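Asks: Got a structure for you, written out below as C-alpha cells; questions coming shortly.
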Amino acid sequence: MIRPLVVPLGDPAGIGPEIVAKAWAARKQYGLAPFFAVGDPRAITQVWDGPVARIGDPDEVAGVFDTALPVMAVHDAGMVTPGEPDGEGARSALESLEMAVGLARSGAAGALVTAPVSKTQLYRIGFQHPGQTEFVAERCGVSPENAVMMLAGPTLRVVPVTTHVALSAVRGLLSIELIVAKARVTARGLTRNFGIECPRLAFAGLNPHAGEDGALGTDEIEVIMPAIEQLRAEGIDAVGPMAADTMFHARARANYDAAICCYHDQALIPLKTLHFDEGVNITLGLPIVRTSPDHGTAFGIAGKNCAEPGAMIAAIRMAASAAERRLNMLPS
C-alpha cells in the first residue's frame, strides 16, 4: 500500500481549496486513495461546509480519512477572500508547496498532487521559478531539462518541448539536444508511471505541414529529424516529424503513446479540447510522483461553489496509480 498522497491547497483565494474538498467528498464514488491537504484550513471552511480534521502527521490520515478531510495547517494566510489573491495568500501557497514536497521526498507521503497557484502573486513575494514544476524539480535535485511536463487525458498524452516562453522565442530554444533529452525522459516516464513497456513517441513539426520538405521552413530537417534519428538509434520508437494539424484526430492518436510538441499551445490546445475537465499535468523525470489538475486558479469563480473537481480527481487518481506502479517495480 502506498502512503497517503499530499495535496498542497495552492493559492487560498483560488479554487484549489474547493476542488480539494469536493474531491474528498467524491472519494468513494471514484475510489480515491487516502490523501491529505496542506495549507490554511480556513481557506477550505470558507468555501465548504464539510468535515475537516486537523492533523500533525501523515500517519494520522488513515484514522480520519473516512469521516473528514485531513488538513495539515501551515502559514496563516490572513483574511482569505475567495477571488482576491494577495501576498499573504501567496506565502501560504509557497509554504504549503515546500512542506508537501518535503513530505513526498522523505517518503512520508506517497505522491504529490499540487493545486493551482498564482504565479503573479508568487513573483511579487520573490518566487524565482517559472512555475511549480521547476520549483519541485529543483527541490528534488533534478535539472530543468530532465523534468518533463506531460499533460495527460484518457485518450491523449502530450509533452511540450518548450513551455512558458513567448512563441517568438521557440525556434531559438529548440535544439537536437533538448528534444532528445525531453524524449528520453518521456519514454522512461511512460514506462515508470503508466506501465507502457515499449513507448511510441510521435513528434510534431514546428511549421505548417511539418515544413513541406523545406518549402515552409527547415526546422524539421535541421533539428527535429536529427533528434528523431538519434532516438531511434538508442532504441526508442520515434516517428515524425508530423503535420500538427493531422496528428490529433482519433485514428492518428491510436498510433502513439505520447505526442512530443514544439511549444506550449501546440500541445495544450488539443489536450484541453479533448479533455478539458480531465486533463492532468504529470511531471516526468522526478524521484517522486507529482501531478496537478491542468487548469489555473480561476479566481473569477472562486467561492461561488461552481468549480468542477474533475481534473483534481483525475490528478489524484493518476498520482495514486503511478505511485503504486513505481512501488511494485521496486526490487523485493
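The chains in the C-alpha cells are called A, B, ... from first to last as shown; in each chain the residues are counted from 1, and the ligands are counted from 1 in the order shown.
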Any idea what's packed within 9 Å of Ser118 of chain A, counting only C-alpha atoms, ignoring anything in its chain fewer than 3 positions away? Could you give it as an MDAnalysis selection string?

Replies: chainID A and resid 10:11 14 85 90 93 121:123 296:297

Asks: Could you tell me, as a VMD selection string, which residues of segment 16-76 of chain A DSSP assigns to alpha helix (DSSP H) when given the backbone?

Replies: chain A and resid 16 to 25 27 to 30 41 to 45 61 to 64

Asks: Could you tell me how far atom CA of Ala250 of chain A sits from atom CA of Ala227 of chain A, in Å to one decimal place?

Replies: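 Computed distance, atom CA of Ala227 of chain A to atom CA of Ala250 of chain A, equals 26.0 Å.
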
Asks: Which segment 250-308 of chain A residues have any atom within 10 Å of an atom of segment 164-183 of chain A, and for each, what is the nearest pair of atoms with distance in Å to one decimal, counting only C-alpha atoms, rows sorted by chain and number, as a tab-separated table?

Replies:
```
residue	atom	partner	partner_atom	distance
A:Ala258	CA	A:Ala183	CA	9.7
A:Ala259	CA	A:Ala183	CA	9.7
A:Ile260	CA	A:Ala183	CA	7.3
A:Cys261	CA	A:Ile179	CA	9.4
A:Cys262	CA	A:Leu174	CA	7.5
A:Tyr263	CA	A:Val170	CA	6.7
A:His264	CA	A:His164	CA	6.7
A:Asp265	CA	A:Leu167	CA	9.1
A:Leu284	CA	A:Lys182	CA	9.4
A:Gly285	CA	A:Lys182	CA	9.3
```

Asks: Restricted to C-alpha atoms, what would the selected residues look like written as a short mmCIF file (atom, residue, chain, number, x, y, z; two decimals), in the first residue's frame?

Replies:
```cif
data_model
loop_
_atom_site.label_atom_id
_atom_site.label_comp_id
_atom_site.auth_asym_id
_atom_site.auth_seq_id
_atom_site.Cartn_x
_atom_site.Cartn_y
_atom_site.Cartn_z
CA ALA A 258 2.63 10.43 -26.40
CA ALA A 259 2.95 13.38 -28.76
CA ILE A 260 6.12 15.47 -28.46
CA CYS A 261 5.23 19.04 -29.42
CA CYS A 262 7.42 22.06 -30.10
CA TYR A 263 5.64 24.64 -27.99
CA HIS A 264 3.03 25.14 -25.28
CA ASP A 265 -0.15 25.73 -27.26
CA LEU A 284 8.20 13.08 -15.51
CA GLY A 285 11.82 12.57 -14.51
#
```

Asks: Can you work out the spacing between atom CA of Met72 of chain A and atom CA of Gly56 of chain A in Å, to one decimal?

Replies: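 Taking atom CA of Met72 of chain A and atom CA of Gly56 of chain A, their separation equals 5.9 Å.
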
Asks: Please report the interatomic distance between atom CA of Ala152 of chain A and atom CA of Val280 of chain A in Å with one decimal.

Replies: 5.1 Å

Asks: I'd like to know which of A:Pro199, A:Gly205, A:Gly211, A:Gly16 is closest to Asn255 of chain A, using only C-alpha atoms.

Replies: A:Pro199

Asks: Skip Arg325 of chain A itself and residues of its chain fewer than 6 positions away, then list as a short mmCIF file (atom, residue, chain, number, x, y, z; two decimals) with C-alpha atoms, in the first residue's frame all residues within 8 Å of it, counting only C-alpha atoms.

Replies:
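The resulting part.cif:
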```
data_model
loop_
_atom_site.label_atom_id
_atom_site.label_comp_id
_atom_site.auth_asym_id
_atom_site.auth_seq_id
_atom_site.Cartn_x
_atom_site.Cartn_y
_atom_site.Cartn_z
CA ARG A 192 7.55 4.02 -14.88
CA ASN A 193 4.26 5.86 -14.45
CA PHE A 194 1.93 4.25 -16.99
CA GLY A 195 3.35 0.74 -17.37
#
```

Asks: Pick out the closest residue to Gly50 of chain A from this set: A:Val64, A:Ile282, A:Leu32, A:Ala21. Count only C-alpha atoms.

Replies: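 Closest to Gly50 of chain A of all the choices is A:Ala21.
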
Asks: Tell me which of A:Pro41, A:Pro293, A:Pro58, A:Gly153 sits closest to Thr273 of chain A, counting only C-alpha atoms.

Replies: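 Smallest separation from Thr273 of chain A among the options: A:Gly153.
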
Asks: Pick the closest to Leu112 of chain A from A:Cys198, A:Val20, A:Val7, A:Val161: which is it, counting only C-alpha atoms?

Replies: A:Val7

Asks: In terms of the shortest atom-to-atom distance over only C-alpha atoms, which of A:Val101, A:Ala13, A:Ala111, A:Val38 is closest to Gly89 of chain A?

Replies: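 Of the candidates, the smallest distance to Gly89 of chain A is held by A:Ala13.
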